[in-house]
Each structure stands twice: as C-alpha cells, then as structure tokens.
Amino acid sequence: MISIRNNKNEILIIQNFTRELLRLLSYTIGGYSIFNLISMLRMDINFSYKFFSLFLIVGFLQTIKLYYNGKLINKIYTTINDREIVIEIKQKKEKKIYLLKDIKEINIKKIDNIFRLELQVEENIIDRTIYSLYSSELRLIRKLIFECRSKGEKL
C-alpha cells in the first residue's frame with residue numbers, strides 16, 4: 001500500500017507492508033483445510049476443531065510478538081525534493097540519501113515475485129530498497145522521481 005503526500009518543495013511517499021501477518025494466516029488456513037479433510041476421512045470432526053483452535057491461538061500470540069518487535073508492519077519513507085531522494089526504513093532504522101543528478105537509470109525488475117525499483121547510482125551502486133507487490137506503484141514512484149529531477153534541472 002502506498003500513500004503520497006505533496007508539500008511545497010518535496011514529495012513524501014509512505015509504503016506499508018504487512019507480509020508477516022498474511023503468511024501466518026495462509027499457513028493456518030492451509031493447515032486447517034488439510035486437517036479438516038483428514039478428519040472427514042476418519043469421521044472425527046473434533047480433530048479439525050482442536051487443530052484450528054490450537055493454531056488460531058498460536059498465530060494470535062505470534063502476531064502479538066511480531067507487533068511488539070516492530071516486524072509486523074514494515075514502513076519505507078521516501079522523500080523526494082528537487083535535489084535528492086531520501087529513503088528511510090523504519091524497521092532497520094536505516095537512511096540512504098542519493099542526489100537526483102547522480103542517478104543514471106531507474107528500472108523496475110521482478111525478483112522472487114516481488115517488484116523492485118532499481119536505482120543505479122553513478123558509482124555502479126544499485127539500490128533495491130523500494131519494493132512492492134504491484135508494478136503500478138513503482139511506476140508512479142519512478143514518474144515522481146523524473147518529475148522532481150526535471151524541476152531540479154530547471155532551477
């Protein structure tokens with residue numbers, strides 16, 4: 001999910017990811033389906049309910065643990081102004097600053113079923129910090145970077 005906030009001199013792009021929660025939920029539902037099939041074959045329906053209640057409690061406790069560790073929601077803040085792009089990751093407490101004039105190419109590549117925005121900097125450094133499940137969000141970010149670069153060149 002992406003949200004864009006425009007100020008006078010800069011654009012703030014916030015990306016939120018909740019991938020850990022979706023993985024836990026899919027494992028719980030998949031396991032419940034398998035054990036429900038087994039319990040139907042054995043004619044013991046209580047087996048599937050016991051499994052579902054056990055994994056629902058374990059999944060809920062794991063979600064609370066991830067929430068308190070700050071791993072449940074990963075946020076990436078990208079600030080673009082006329083001269084530079086600042087990428088800040090909340091979970092890792094990491095901050096990267098690139099000048100817009102130093103960025104040679106901006107490509108979108110699909111790696112491991114996740115789309116990544118590649119910023120190739122002048123010193124042959126490729127940054128793949130910005131990623132999304134949808135390429136349309138990354139195309140919008142790339143368009144905003146090009147617009148800010150053209151504003152900076154006019155100044």
# chains A, B, ... in the order shown; residues from 1 in each chain; ligands from 1

$ residues_around --residues "Ile80 (chain A)" --least-positions-apart "3" --cutoff "8 Å" --atoms "only C-alpha atoms" --output "PyMOL selection string"
chain A and resi 10-12+83-86+145+148

$ residues_around --residues "Ile108 (chain A)" --least-positions-apart "6" --cutoff "10 Å" --atoms "only C-alpha atoms" --output "list in words"
Phe115, Arg116, Leu117, Glu118, Leu119, Arg128, Ile130, Tyr131, Ser135, Leu138, Arg139 and Arg142 of chain A

$ atom_distance --atom1 "CA of Asn9 (chain A)" --atom2 "CA of Asp82 (chain A)"
7.3 Å

$ select_by_dssp --residues "region 3-151 of chain A" --states "strand (DSSP E)" --output "PyMOL selection string"
chain A and resi 3-6+10-17+74-81+84-89+94-99+103-111+114-121+126-127+131-132

$ atom_distance --atom1 "CA of Ile141 (chain A)" --atom2 "CA of Lys109 (chain A)"
13.9 Å

$ atom_distance --atom1 "CA of Tyr77 (chain A)" --atom2 "CA of Asp127 (chain A)"
14.7 Å

$ residues_around --residues "Ile2 (chain A)" --least-positions-apart "5" --cutoff "8 Å" --atoms "only C-alpha atoms" --output "list in words"
Ile13, Ile14, Gln15, Asn16 and Glu137 of chain A

$ write_last_selection --atoms "all heavy atoms" --output "PDB file, in the first residue's frame"
ATOM      1  N   ILE A  13       6.562   9.779   0.156  1.00  0.00           N
ATOM      2  CA  ILE A  13       5.911   8.537  -0.239  1.00  0.00           C
ATOM      3  C   ILE A  13       6.071   7.553   0.914  1.00  0.00           C
ATOM      4  O   ILE A  13       7.178   7.268   1.351  1.00  0.00           O
ATOM      5  CB  ILE A  13       6.548   7.962  -1.517  1.00  0.00           C
ATOM      6  CG1 ILE A  13       6.456   8.977  -2.651  1.00  0.00           C
ATOM      7  CG2 ILE A  13       5.869   6.658  -1.909  1.00  0.00           C
ATOM      8  CD1 ILE A  13       7.297   8.628  -3.848  1.00  0.00           C
ATOM      9  N   ILE A  14       4.951   7.028   1.414  1.00  0.00           N
ATOM     10  CA  ILE A  14       4.972   6.075   2.526  1.00  0.00           C
ATOM     11  C   ILE A  14       4.454   4.741   2.009  1.00  0.00           C
ATOM     12  O   ILE A  14       3.366   4.659   1.439  1.00  0.00           O
ATOM     13  CB  ILE A  14       4.094   6.563   3.694  1.00  0.00           C
ATOM     14  CG1 ILE A  14       4.558   7.932   4.172  1.00  0.00           C
ATOM     15  CG2 ILE A  14       4.131   5.557   4.845  1.00  0.00           C
ATOM     16  CD1 ILE A  14       3.630   8.585   5.155  1.00  0.00           C
ATOM     17  N   GLN A  15       5.252   3.679   2.217  1.00  0.00           N
ATOM     18  CA  GLN A  15       4.858   2.334   1.829  1.00  0.00           C
ATOM     19  C   GLN A  15       4.712   1.491   3.093  1.00  0.00           C
ATOM     20  O   GLN A  15       5.610   1.454   3.924  1.00  0.00           O
ATOM     21  CB  GLN A  15       5.907   1.702   0.924  1.00  0.00           C
ATOM     22  CG  GLN A  15       6.012   2.369  -0.424  1.00  0.00           C
ATOM     23  CD  GLN A  15       7.119   1.762  -1.242  1.00  0.00           C
ATOM     24  OE1 GLN A  15       8.269   1.946  -0.935  1.00  0.00           O
ATOM     25  NE2 GLN A  15       6.750   1.030  -2.264  1.00  0.00           N
ATOM     26  N   ASN A  16       3.590   0.800   3.218  1.00  0.00           N
ATOM     27  CA  ASN A  16       3.330  -0.078   4.351  1.00  0.00           C
ATOM     28  C   ASN A  16       3.239  -1.516   3.852  1.00  0.00           C
ATOM     29  O   ASN A  16       2.578  -1.783   2.847  1.00  0.00           O
ATOM     30  CB  ASN A  16       2.008   0.278   5.047  1.00  0.00           C
ATOM     31  CG  ASN A  16       2.040   1.658   5.628  1.00  0.00           C
ATOM     32  OD1 ASN A  16       3.040   2.077   6.178  1.00  0.00           O
ATOM     33  ND2 ASN A  16       0.936   2.375   5.511  1.00  0.00           N
ATOM     34  N   GLU A 137       2.548   0.747  -8.569  1.00  0.00           N
ATOM     35  CA  GLU A 137       3.028   1.654  -7.524  1.00  0.00           C
ATOM     36  C   GLU A 137       4.447   2.120  -7.832  1.00  0.00           C
ATOM     37  O   GLU A 137       4.783   3.286  -7.651  1.00  0.00           O
ATOM     38  CB  GLU A 137       2.994   0.954  -6.168  1.00  0.00           C
ATOM     39  CG  GLU A 137       1.607   0.658  -5.668  1.00  0.00           C
ATOM     40  CD  GLU A 137       1.608  -0.069  -4.345  1.00  0.00           C
ATOM     41  OE1 GLU A 137       2.696  -0.455  -3.869  1.00  0.00           O
ATOM     42  OE2 GLU A 137       0.522  -0.245  -3.783  1.00  0.00           O
TER      43      GLU A 137
END

$ residues_around --residues "Lys101 (chain A)" --least-positions-apart "3" --cutoff "10 Å" --atoms "only C-alpha atoms" --output "list in words"
Asp82, Arg83, Glu84, Tyr98, Lys104, Val121, Glu122, Arg149, Ser150, Gly152 and Glu153 of chain A

$ closest_residue --among "A:Val58, A:Leu140, A:Ile87, A:Leu66" --to "Leu99 (chain A)" --atoms "only C-alpha atoms"
A:Ile87

$ closest_residue --among "A:Leu56, A:Leu61, A:Leu133, A:Leu37" --to "Met1 (chain A)" --atoms "only C-alpha atoms"
A:Leu133

$ select_by_dssp --residues "chain A" --states "alpha helix (DSSP H)" --output "PyMOL selection string"
chain A and resi 19-42+46-69+135-154

$ write_last_selection --atoms "C-alpha atoms" --output "compact mmCIF listing (two decimals), in the first residue's frame"
# COMPACT_ATOMS: atom_id res chain seq x y z
CA ARG A 19 3.64 -9.59 4.78
CA GLU A 20 4.28 -11.49 8.03
CA LEU A 21 0.62 -11.48 9.04
CA LEU A 22 -0.55 -12.75 5.66
CA ARG A 23 1.93 -15.64 5.79
CA LEU A 24 0.71 -16.73 9.24
CA LEU A 25 -2.90 -16.51 8.12
CA SER A 26 -2.29 -18.55 4.98
CA TYR A 27 -0.45 -21.28 6.92
CA THR A 28 -3.31 -21.50 9.43
CA ILE A 29 -6.00 -21.74 6.76
CA GLY A 30 -4.00 -24.24 4.70
CA GLY A 31 -3.31 -26.45 7.72
CA TYR A 32 -6.94 -26.29 8.78
CA SER A 33 -8.04 -27.38 5.31
CA ILE A 34 -5.69 -30.37 5.30
CA PHE A 35 -6.67 -31.49 8.80
CA ASN A 36 -10.35 -30.96 8.02
CA LEU A 37 -10.00 -33.35 5.07
CA ILE A 38 -8.22 -35.90 7.26
CA SER A 39 -10.87 -35.60 9.97
CA MET A 40 -13.65 -36.11 7.40
CA LEU A 41 -11.94 -39.30 6.23
CA ARG A 42 -11.60 -40.54 9.82
CA ASN A 46 -13.39 -32.82 16.72
CA PHE A 47 -9.84 -33.35 15.40
CA SER A 48 -10.11 -30.40 12.98
CA TYR A 49 -11.64 -28.08 15.58
CA LYS A 50 -8.85 -28.87 18.02
CA PHE A 51 -6.26 -28.10 15.35
CA PHE A 52 -7.98 -24.87 14.31
CA SER A 53 -8.28 -23.56 17.87
CA LEU A 54 -4.65 -24.50 18.64
CA PHE A 55 -3.22 -22.76 15.57
CA LEU A 56 -5.52 -19.77 15.97
CA ILE A 57 -4.13 -19.21 19.47
CA VAL A 58 -0.52 -19.80 18.33
CA GLY A 59 -0.99 -17.47 15.34
CA PHE A 60 -2.51 -14.78 17.53
CA LEU A 61 0.38 -14.98 20.01
CA GLN A 62 2.91 -14.88 17.15
CA THR A 63 1.17 -11.78 15.73
CA ILE A 64 1.38 -10.04 19.10
CA LYS A 65 5.10 -10.94 19.30
CA LEU A 66 5.76 -9.54 15.80
CA TYR A 67 3.80 -6.37 16.64
CA TYR A 68 5.87 -5.66 19.75
CA ASN A 69 9.15 -6.37 17.92
CA SER A 135 4.41 -2.68 -10.54
CA SER A 136 1.93 0.19 -10.88
CA GLU A 137 3.03 1.65 -7.52
CA LEU A 138 6.67 1.57 -8.60
CA ARG A 139 5.85 3.17 -11.95
CA LEU A 140 4.18 6.01 -10.06
CA ILE A 141 7.25 6.46 -7.84
CA ARG A 142 9.51 6.43 -10.92
CA LYS A 143 7.31 9.07 -12.57
CA LEU A 144 7.53 11.28 -9.46
CA ILE A 145 11.32 10.92 -9.41
CA PHE A 146 11.52 12.00 -13.07
CA GLU A 147 9.25 14.99 -12.41
CA CYS A 148 11.35 16.15 -9.46
CA ARG A 149 14.53 15.65 -11.50
CA SER A 150 13.16 17.85 -14.28
CA LYS A 151 12.17 20.54 -11.75
CA GLY A 152 15.68 20.47 -10.31
CA GLU A 153 17.26 20.84 -13.75
CA LYS A 154 15.11 23.91 -14.49
